[in-house]
Amino acid sequence: MGQEEEEAVRGKLEQLKQVLAEVEDLEMATAVLYWDQQTQMPRGGAAARADQVTTLRRLAHEKFTSPEVGELLDALADHERALPYDSDDASILRVTRREYSHATKLPRDLVVEMSRAAAEAYHKWVDARQAKDFGIFVSSLERIVTLSREKAQALGYENEPLDALIDLSEPGFGAAELDRLFAELRETLVPLAKAIGERSDRVSDALFRQRFDVEKQLEMGRAAVRAIGFNLDDRGRQALSVHPFSISFTPDDTRITTRVNEQWLGPSLFGLLHEAGHGTYMQGIPVRYRRTPLHNGASSGLHESQSRLWENYVGRSRAFWRFFLPVAKAFFPGQLGRATVDEVYAAANIVKPSLIRVEADEVTYNLHIMIRFELEREVFAGRLAVADLPAAWNAKFQAYLGITPPDDLVGVLQDIHWTQSFGGSFQSYTIGNVASVALCRRALADHLGMEDEWAKGDFSGLLTWMQDNVHAHGAKYKPNELLLKVTGEELTPRPYLEHIKAKYTEIYRL
Ligand code: ZN
């Protein structure tokens, strides 16, 4: 390439990066409005806020899907091929190309119709929950299913519509592959949950089910979050919200929220560790990726791997409680003063087949996801009508967890996800659970003695390992590319199942 040509390519790349930077500015401004809405805004602000967010989203979408971006991507295709696959510039072009293709394949009318249908479905879902009657939600959900199918058609897929929707949040994954993953999980987890159920008297979580002052819970949660290395001071914030979440505007400004239950220590402590886990990912993404499409995690599932890592692998480990029990006792001497590490470790790991996904334990959680995934697949295949979802839902709960929901509120109506889109979101929770153990085991093998450090309250070895091996790449790799690079194999349930089996066999003396 001649010098002039090289300069022309560089100019085009800079031009593209400028557009992408402005798109991200608009998206991050939208995110700030969302944070404010969830944590501060009085109800009266809702209508104006909806207008503001709609305008910003439209501007970002128009900017990103403009013909200019398509022309620049075309003009830079040869340049991209000539660069090393994992270079920053090739990765920016590759990820932009993928997102541009998704964004431009969806007809504008379909996008508008989806958001209108989602708003209506949300209200019907709230009404149906109030009445504990799925019937109220059926026609809205049928509309969401139809539109989700149209969305899948527009995006294109190889084998089944669900593939296209899964690929949006987990690039490279398809329904058949996830079906195999769930089959392997089912084979071990269903009998394990049953065996634990027969010995449920061996573990009690009464220690965590006492009255715990709300302010003190928050203070203790912050102590835990600081200990694992989430920067809560000059690069992070924490607030209360109805539904806990995490959000980041730059790696240097990352926020997490929590909710507190005065009668139960679990939700605030483990919920904060969970959100702080997401937060460490966002704080760990290199600042040079800011204002590019790499300023993100590898996928929703990989993001979830980081939250589950700190919530479960670390936060529910014996080593963690060796360090943290004295800290917790200082906050709650009356409630925890006489507790031993073994007692608190058992209480943190109680397993109980339950109806509600967000309250599920490590052993049964993936069964909740599997049920949703199987139902979505059956509906898309035309083997199950939307109106028959409650009966199918309840039958699967009985088969996998041995319990039947007494009503739709604690059954098929519990999640908000299907008001937005049918298919393509739940699988990420399981990918996260499974990947968290694969990654953590790799870290433990690379850095011997890490658990002894945890027992002393030092989590820097694990955090640094995740920063170097996972966070440092931002959205450069697809989830399986990243897992292969870091752990030596693509997503496999083996490490997860070994870990869960060994851990709970010991706790429940199976
Ligand atoms: Zn999460």
# chains A, B, ... in the order shown; residues from 1 in each chain; ligands from 1

call {"tool": "residues_around", "arguments": {"residues": "Asp167 in chain A", "least_positions_apart": "4", "cutoff": "12 Å", "atoms": "only C-alpha atoms", "output": "NGL selection string"}}
result
:A and (98-99 or 102 or 152 or 155-158 or 160-163 or 171-175 or 177-178 or 299-301 or 423-425 or 427-428 or 478-479)

call {"tool": "residues_around", "arguments": {"residues": "Glu343 in chain A", "least_positions_apart": "4", "cutoff": "9 Å", "atoms": "only C-alpha atoms", "output": "PyMOL selection string"}}
result
chain A and resi 203-205+207+339+347-348

call {"tool": "write_last_selection", "arguments": {"atoms": "N, CA and C atoms", "output": "CSV table (one decimal), in the first residue's frame"}}
result
chain,number,residue,atom,x,y,z
A,203,VAL,N,-29.1,-29.1,57.1
A,203,VAL,CA,-28.6,-27.8,57.0
A,203,VAL,C,-29.8,-26.8,57.3
A,204,SER,N,-29.4,-25.8,58.1
A,204,SER,CA,-30.4,-24.8,58.5
A,204,SER,C,-29.8,-23.4,58.1
A,205,ASP,N,-30.7,-22.5,57.7
A,205,ASP,CA,-30.2,-21.1,57.5
A,205,ASP,C,-30.8,-20.2,58.5
A,207,LEU,N,-29.6,-18.9,61.0
A,207,LEU,CA,-28.6,-17.9,61.3
A,207,LEU,C,-28.9,-16.6,60.5
A,339,ALA,N,-21.8,-17.9,66.3
A,339,ALA,CA,-21.8,-18.7,65.2
A,339,ALA,C,-20.3,-19.2,64.8
A,347,ALA,N,-25.1,-22.4,56.4
A,347,ALA,CA,-26.3,-21.5,56.2
A,347,ALA,C,-26.2,-20.8,54.8
A,348,ALA,N,-25.0,-20.4,54.4
A,348,ALA,CA,-24.9,-19.7,53.1
A,348,ALA,C,-25.1,-20.6,52.0

call {"tool": "residues_near_ligand", "arguments": {"ligand": "ligand 1", "cutoff": "8 Å", "atoms": "only C-alpha atoms and all ligand atoms", "output": "tab-separated table (two decimals) with C-alpha atoms, in the first residue's frame"}}
result
chain	number	residue	atom	x	y	z
A	245	PHE	CA	-28.56	-3.83	38.99
A	274	HIS	CA	-23.20	-10.19	42.76
A	275	GLU	CA	-23.55	-6.62	41.50
A	278	HIS	CA	-20.43	-7.16	37.49
A	303	HIS	CA	-20.75	-10.75	32.53
A	304	GLU	CA	-22.79	-13.10	34.68
A	307	SER	CA	-21.05	-11.74	39.27
A	308	ARG	CA	-21.55	-15.42	40.09
A	429	TYR	CA	-27.59	-16.90	33.48

call {"tool": "select_by_dssp", "arguments": {"residues": "range 150-378 of chain A", "states": "strand (DSSP E or B)", "output": "PyMOL selection string"}}
result
chain A and resi 236-240+246-250+253-258+261+264

call {"tool": "write_last_selection", "arguments": {"atoms": "N, CA and C atoms", "output": "tab-separated table (two decimals), in the first residue's frame"}}
result
chain	number	residue	atom	x	y	z
A	236	GLY	N	-16.55	4.40	41.91
A	236	GLY	CA	-17.80	3.64	42.02
A	236	GLY	C	-18.77	4.25	43.01
A	237	ARG	N	-20.01	3.83	42.92
A	237	ARG	CA	-21.07	4.30	43.81
A	237	ARG	C	-22.02	3.14	44.10
A	238	GLN	N	-22.76	3.28	45.19
A	238	GLN	CA	-23.76	2.27	45.52
A	238	GLN	C	-25.02	2.99	45.97
A	239	ALA	N	-26.19	2.47	45.56
A	239	ALA	CA	-27.46	3.07	45.95
A	239	ALA	C	-28.50	1.97	46.14
A	240	LEU	N	-29.67	2.36	46.61
A	240	LEU	CA	-30.77	1.40	46.77
A	240	LEU	C	-31.67	1.43	45.53
A	246	SER	N	-26.45	-3.24	38.04
A	246	SER	CA	-25.17	-2.55	37.96
A	246	SER	C	-25.12	-1.85	36.61
A	247	ILE	N	-24.37	-0.77	36.56
A	247	ILE	CA	-24.33	0.03	35.33
A	247	ILE	C	-23.01	0.79	35.32
A	248	SER	N	-22.50	1.04	34.12
A	248	SER	CA	-21.22	1.73	34.03
A	248	SER	C	-21.26	2.74	32.91
A	249	PHE	N	-20.72	3.93	33.17
A	249	PHE	CA	-20.66	4.95	32.12
A	249	PHE	C	-19.25	5.02	31.55
A	250	THR	N	-18.28	4.77	32.40
A	250	THR	CA	-16.89	4.58	31.99
A	250	THR	C	-16.31	3.62	33.04
A	253	ASP	N	-16.34	5.16	36.33
A	253	ASP	CA	-17.61	5.58	36.96
A	253	ASP	C	-18.61	4.43	36.79
A	254	THR	N	-18.58	3.52	37.76
A	254	THR	CA	-19.36	2.29	37.70
A	254	THR	C	-20.24	2.22	38.95
A	255	ARG	N	-21.51	1.92	38.76
A	255	ARG	CA	-22.46	2.01	39.89
A	255	ARG	C	-23.16	0.67	40.13
A	256	ILE	N	-23.48	0.41	41.38
A	256	ILE	CA	-24.23	-0.79	41.72
A	256	ILE	C	-25.36	-0.43	42.67
A	257	THR	N	-26.43	-1.25	42.65
A	257	THR	CA	-27.53	-1.00	43.59
A	257	THR	C	-27.84	-2.28	44.36
A	258	THR	N	-28.60	-2.10	45.42
A	258	THR	CA	-28.98	-3.24	46.23
A	258	THR	C	-30.36	-3.02	46.83
A	261	ASN	N	-33.47	-6.79	52.98
A	261	ASN	CA	-34.57	-7.44	53.67
A	261	ASN	C	-34.20	-7.50	55.15
A	264	TRP	N	-33.74	-11.04	56.68
A	264	TRP	CA	-32.94	-12.06	55.98
A	264	TRP	C	-31.67	-11.40	55.48

call {"tool": "residues_around", "arguments": {"residues": "Leu76 in chain A", "least_positions_apart": "6", "cutoff": "8 Å", "atoms": "only C-alpha atoms", "output": "PyMOL selection string"}}
result
chain A and resi 9+12-13

call {"tool": "write_last_selection", "arguments": {"atoms": "all heavy atoms", "output": "CSV table (one decimal), in the first residue's frame"}}
result
chain,number,residue,atom,x,y,z
A,9,VAL,N,-6.7,5.4,4.4
A,9,VAL,CA,-7.3,4.4,5.3
A,9,VAL,C,-7.3,4.9,6.7
A,9,VAL,O,-8.3,4.7,7.4
A,9,VAL,CB,-6.5,3.0,5.2
A,9,VAL,CG1,-6.8,2.1,6.4
A,9,VAL,CG2,-6.7,2.3,3.9
A,12,LYS,N,-10.1,7.3,7.2
A,12,LYS,CA,-11.4,6.7,7.3
A,12,LYS,C,-11.7,6.0,8.6
A,12,LYS,O,-12.7,6.0,9.2
A,12,LYS,CB,-11.6,5.6,6.2
A,12,LYS,CG,-11.9,6.3,4.8
A,12,LYS,CD,-12.2,5.2,3.8
A,12,LYS,CE,-12.6,5.6,2.5
A,12,LYS,NZ,-12.5,6.9,2.0
A,13,LEU,N,-10.6,5.4,9.1
A,13,LEU,CA,-10.7,4.7,10.5
A,13,LEU,C,-11.0,5.7,11.5
A,13,LEU,O,-11.9,5.5,12.4
A,13,LEU,CB,-9.4,3.9,10.8
A,13,LEU,CG,-9.4,3.0,12.0
A,13,LEU,CD1,-10.5,2.0,11.9
A,13,LEU,CD2,-8.1,2.3,12.2

call {"tool": "closest_atom_pairs", "arguments": {"of": "range 377-467 of chain A", "to": "range 128-148 of chain A", "cutoff": "9 Å", "atoms": "only C-alpha atoms", "output": "JSON lines"}}
result
{"residue": "A:Val379", "atom": "CA", "partner": "A:Val145", "partner_atom": "CA", "distance": 8.4}
{"residue": "A:Phe380", "atom": "CA", "partner": "A:Val145", "partner_atom": "CA", "distance": 8.0}
{"residue": "A:Ala385", "atom": "CA", "partner": "A:Glu142", "partner_atom": "CA", "distance": 8.8}
{"residue": "A:Val386", "atom": "CA", "partner": "A:Glu142", "partner_atom": "CA", "distance": 6.3}
{"residue": "A:Ala387", "atom": "CA", "partner": "A:Val138", "partner_atom": "CA", "distance": 6.0}
{"residue": "A:Leu389", "atom": "CA", "partner": "A:Phe134", "partner_atom": "CA", "distance": 8.9}
{"residue": "A:Pro390", "atom": "CA", "partner": "A:Phe134", "partner_atom": "CA", "distance": 7.3}
{"residue": "A:Asp407", "atom": "CA", "partner": "A:Lys132", "partner_atom": "CA", "distance": 6.4}
{"residue": "A:Asp408", "atom": "CA", "partner": "A:Lys132", "partner_atom": "CA", "distance": 5.4}
{"residue": "A:Leu409", "atom": "CA", "partner": "A:Lys132", "partner_atom": "CA", "distance": 5.0}
{"residue": "A:Val410", "atom": "CA", "partner": "A:Lys132", "partner_atom": "CA", "distance": 8.5}
{"residue": "A:Val412", "atom": "CA", "partner": "A:Phe134", "partner_atom": "CA", "distance": 7.6}
{"residue": "A:Leu413", "atom": "CA", "partner": "A:Arg129", "partner_atom": "CA", "distance": 6.4}
{"residue": "A:Gln414", "atom": "CA", "partner": "A:Arg129", "partner_atom": "CA", "distance": 8.0}
{"residue": "A:Trp418", "atom": "CA", "partner": "A:Leu141", "partner_atom": "CA", "distance": 7.3}
{"residue": "A:Thr419", "atom": "CA", "partner": "A:Leu141", "partner_atom": "CA", "distance": 7.0}
{"residue": "A:Gln420", "atom": "CA", "partner": "A:Ile144", "partner_atom": "CA", "distance": 7.4}
{"residue": "A:Ser421", "atom": "CA", "partner": "A:Ser148", "partner_atom": "CA", "distance": 6.0}
{"residue": "A:Phe422", "atom": "CA", "partner": "A:Val145", "partner_atom": "CA", "distance": 5.5}
{"residue": "A:Gly423", "atom": "CA", "partner": "A:Ser148", "partner_atom": "CA", "distance": 7.6}

call {"tool": "closest_residue", "arguments": {"among": "A:Ala276, A:Val434, A:Cys440, A:Ala381", "to": "Arg149 in chain A", "atoms": "only C-alpha atoms"}}
result
A:Ala381

call {"tool": "atom_distance", "arguments": {"atom1": "CA of Arg226 in chain A", "atom2": "CA of Leu273 in chain A"}}
result
9.7 Å

call {"tool": "residues_around", "arguments": {"residues": "range 319-329 of chain A", "least_positions_apart": "4", "cutoff": "8 Å", "atoms": "only C-alpha atoms", "output": "PyMOL selection string"}}
result
chain A and resi 220+224+314-315+333+335-337+341+344-345+451-452+454-457

call {"tool": "closest_residue", "arguments": {"among": "A:Leu93, A:Val363, A:Met1, A:Leu110", "to": "Ala502 in chain A", "atoms": "only C-alpha atoms"}}
result
A:Val363

call {"tool": "residues_around", "arguments": {"residues": "Ser436 in chain A", "least_positions_apart": "5", "cutoff": "9 Å", "atoms": "only C-alpha atoms", "output": "number ranges by chain"}}
result
A: 302, 304-310, 313, 431, 441, 496

call {"tool": "write_last_selection", "arguments": {"atoms": "N, CA and C atoms", "output": "mmCIF file, in the first residue's frame"}}
result
data_model
loop_
_atom_site.group_PDB
_atom_site.id
_atom_site.type_symbol
_atom_site.label_atom_id
_atom_site.label_comp_id
_atom_site.auth_asym_id
_atom_site.auth_seq_id
_atom_site.Cartn_x
_atom_site.Cartn_y
_atom_site.Cartn_z
ATOM 1 N N LEU A 302 -20.893 -13.995 29.965
ATOM 2 C CA LEU A 302 -19.566 -13.761 30.551
ATOM 3 C C LEU A 302 -19.653 -12.711 31.663
ATOM 4 N N GLU A 304 -22.210 -12.349 33.562
ATOM 5 C CA GLU A 304 -22.786 -13.097 34.679
ATOM 6 C C GLU A 304 -21.730 -14.010 35.320
ATOM 7 N N SER A 305 -20.744 -14.439 34.556
ATOM 8 C CA SER A 305 -19.695 -15.285 35.149
ATOM 9 C C SER A 305 -18.958 -14.519 36.238
ATOM 10 N N GLN A 306 -18.788 -13.211 36.045
ATOM 11 C CA GLN A 306 -18.050 -12.427 37.034
ATOM 12 C C GLN A 306 -18.900 -12.165 38.282
ATOM 13 N N SER A 307 -20.210 -11.962 38.098
ATOM 14 C CA SER A 307 -21.054 -11.739 39.273
ATOM 15 C C SER A 307 -21.207 -13.024 40.088
ATOM 16 N N ARG A 308 -21.388 -14.141 39.386
ATOM 17 C CA ARG A 308 -21.548 -15.424 40.090
ATOM 18 C C ARG A 308 -20.263 -15.844 40.778
ATOM 19 N N LEU A 309 -19.143 -15.505 40.155
ATOM 20 C CA LEU A 309 -17.847 -15.824 40.750
ATOM 21 C C LEU A 309 -17.759 -15.268 42.167
ATOM 22 N N TRP A 310 -18.074 -13.979 42.308
ATOM 23 C CA TRP A 310 -17.908 -13.344 43.627
ATOM 24 C C TRP A 310 -19.065 -13.672 44.558
ATOM 25 N N TYR A 313 -18.878 -18.566 44.086
ATOM 26 C CA TYR A 313 -17.628 -19.323 44.261
ATOM 27 C C TYR A 313 -16.844 -18.755 45.447
ATOM 28 N N ILE A 431 -25.055 -19.851 31.297
ATOM 29 C CA ILE A 431 -23.704 -19.721 30.739
ATOM 30 C C ILE A 431 -22.796 -19.073 31.790
ATOM 31 N N ARG A 441 -11.552 -22.000 38.418
ATOM 32 C CA ARG A 441 -10.654 -23.154 38.564
ATOM 33 C C ARG A 441 -9.336 -22.921 37.841
ATOM 34 N N TYR A 496 -17.969 -27.136 36.415
ATOM 35 C CA TYR A 496 -19.084 -26.673 37.235
ATOM 36 C C TYR A 496 -19.721 -27.839 37.992
#

call {"tool": "residues_around", "arguments": {"residues": "Glu506 in chain A", "least_positions_apart": "6", "cutoff": "12 Å", "atoms": "only C-alpha atoms", "output": "NGL selection string"}}
result
:A and (196 or 202-203 or 318 or 342 or 345-346 or 349 or 499-500)

call {"tool": "residues_around", "arguments": {"residues": "Ala399 in chain A", "least_positions_apart": "3", "cutoff": "12 Å", "atoms": "only C-alpha atoms", "output": "list in words"}}
result
Arg186, Val190, Pro191, Ala193, Lys194, Pro353, Leu367, His368, Ile371, Ala392, Trp393, Asn394, Ala395, Lys396, Gly402, Ile403 and Thr404 of chain A

call {"tool": "closest_residue", "arguments": {"among": "A:Glu490, A:Glu62, A:Asp86, A:Glu262", "to": "Gly474 in chain A", "atoms": "only C-alpha atoms"}}
result
A:Asp86

call {"tool": "atom_distance", "arguments": {"atom1": "CA of Leu33 in chain A", "atom2": "CA of Arg108 in chain A"}}
result
24.0 Å

call {"tool": "closest_residue", "arguments": {"among": "A:His417, A:His471, A:Arg338, A:His79", "to": "Glu376 in chain A", "atoms": "only C-alpha atoms"}}
result
A:His417

call {"tool": "select_by_dssp", "arguments": {"residues": "range 254-374 of chain A", "states": "helix (DSSP H, G or I)", "output": "ChimeraX atom specification"}}
result
/A:266-284,287-289,300-314,318-331,333-336,341-348,357-359,365-374

call {"tool": "write_last_selection", "arguments": {"atoms": "C-alpha atoms", "output": "CSV table (one decimal), in the first residue's frame"}}
result
chain,number,residue,atom,x,y,z
A,266,GLY,CA,-28.9,-13.1,52.3
A,267,PRO,CA,-30.3,-10.8,49.7
A,268,SER,CA,-28.3,-7.7,50.6
A,269,LEU,CA,-24.9,-9.4,51.2
A,270,PHE,CA,-24.9,-11.9,48.3
A,271,GLY,CA,-26.8,-9.4,46.1
A,272,LEU,CA,-24.1,-6.8,46.6
A,273,LEU,CA,-21.3,-9.3,46.0
A,274,HIS,CA,-23.2,-10.2,42.8
A,275,GLU,CA,-23.5,-6.6,41.5
A,276,ALA,CA,-20.0,-5.7,42.6
A,277,GLY,CA,-18.8,-8.7,40.6
A,278,HIS,CA,-20.4,-7.2,37.5
A,279,GLY,CA,-18.9,-3.9,38.7
A,280,THR,CA,-15.3,-5.3,38.8
A,281,TYR,CA,-15.7,-6.4,35.2
A,282,MET,CA,-16.7,-2.9,34.2
A,283,GLN,CA,-14.0,-1.2,36.3
A,284,GLY,CA,-11.5,-3.6,34.8
A,287,VAL,CA,-10.0,3.0,29.6
A,288,ARG,CA,-8.6,3.1,26.0
A,289,TYR,CA,-11.8,1.1,25.0
A,300,SER,CA,-24.3,-11.2,29.0
A,301,GLY,CA,-23.2,-14.7,30.1
A,302,LEU,CA,-19.6,-13.8,30.6
A,303,HIS,CA,-20.7,-10.7,32.5
A,304,GLU,CA,-22.8,-13.1,34.7
A,305,SER,CA,-19.7,-15.3,35.1
A,306,GLN,CA,-18.1,-12.4,37.0
A,307,SER,CA,-21.1,-11.7,39.3
A,308,ARG,CA,-21.5,-15.4,40.1
A,309,LEU,CA,-17.8,-15.8,40.7
A,310,TRP,CA,-17.9,-13.3,43.6
A,311,GLU,CA,-21.4,-14.1,44.8
A,312,ASN,CA,-21.1,-17.9,44.8
A,313,TYR,CA,-17.6,-19.3,44.3
A,314,VAL,CA,-16.0,-16.8,46.6
A,318,ARG,CA,-15.5,-21.6,53.5
A,319,ALA,CA,-12.3,-19.5,52.9
A,320,PHE,CA,-14.4,-16.3,52.5
A,321,TRP,CA,-16.2,-16.9,55.8
A,322,ARG,CA,-13.0,-17.6,57.7
A,323,PHE,CA,-12.2,-14.0,56.9
A,324,PHE,CA,-15.6,-12.5,56.9
A,325,LEU,CA,-17.3,-14.0,59.9
A,326,PRO,CA,-15.4,-11.9,62.4
A,327,VAL,CA,-16.3,-8.8,60.3
A,328,ALA,CA,-20.0,-9.8,60.3
A,329,LYS,CA,-19.9,-10.5,64.1
A,330,ALA,CA,-18.6,-7.0,64.7
A,331,PHE,CA,-21.7,-5.6,62.9
A,333,PRO,CA,-22.8,-9.5,67.7
A,334,GLY,CA,-26.3,-10.4,69.0
A,335,GLN,CA,-27.3,-12.4,65.9
A,336,LEU,CA,-23.9,-14.0,64.9
A,341,VAL,CA,-17.4,-20.8,60.4
A,342,ASP,CA,-18.9,-24.2,59.6
A,343,GLU,CA,-22.4,-23.1,60.7
A,344,VAL,CA,-22.3,-19.9,58.7
A,345,TYR,CA,-20.8,-21.7,55.7
A,346,ALA,CA,-23.7,-24.2,55.8
A,347,ALA,CA,-26.3,-21.5,56.2
A,348,ALA,CA,-24.9,-19.7,53.1
A,357,ARG,CA,-35.7,-18.1,40.1
A,358,VAL,CA,-34.1,-15.0,41.7
A,359,GLU,CA,-34.1,-16.7,45.1
A,365,TYR,CA,-30.8,-22.3,39.8
A,366,ASN,CA,-30.0,-23.8,36.4
A,367,LEU,CA,-33.1,-26.0,36.5
A,368,HIS,CA,-35.1,-22.8,36.6
A,369,ILE,CA,-33.3,-21.5,33.5
A,370,MET,CA,-33.6,-24.9,31.7
A,371,ILE,CA,-37.4,-24.9,32.2
A,372,ARG,CA,-37.7,-21.4,30.5
A,373,PHE,CA,-35.4,-22.4,27.7
A,374,GLU,CA,-37.3,-25.6,27.0

call {"tool": "closest_residue", "arguments": {"among": "A:Leu375, A:Val486, A:Leu355, A:Leu181", "to": "Pro406 in chain A", "atoms": "only C-alpha atoms"}}
result
A:Leu355
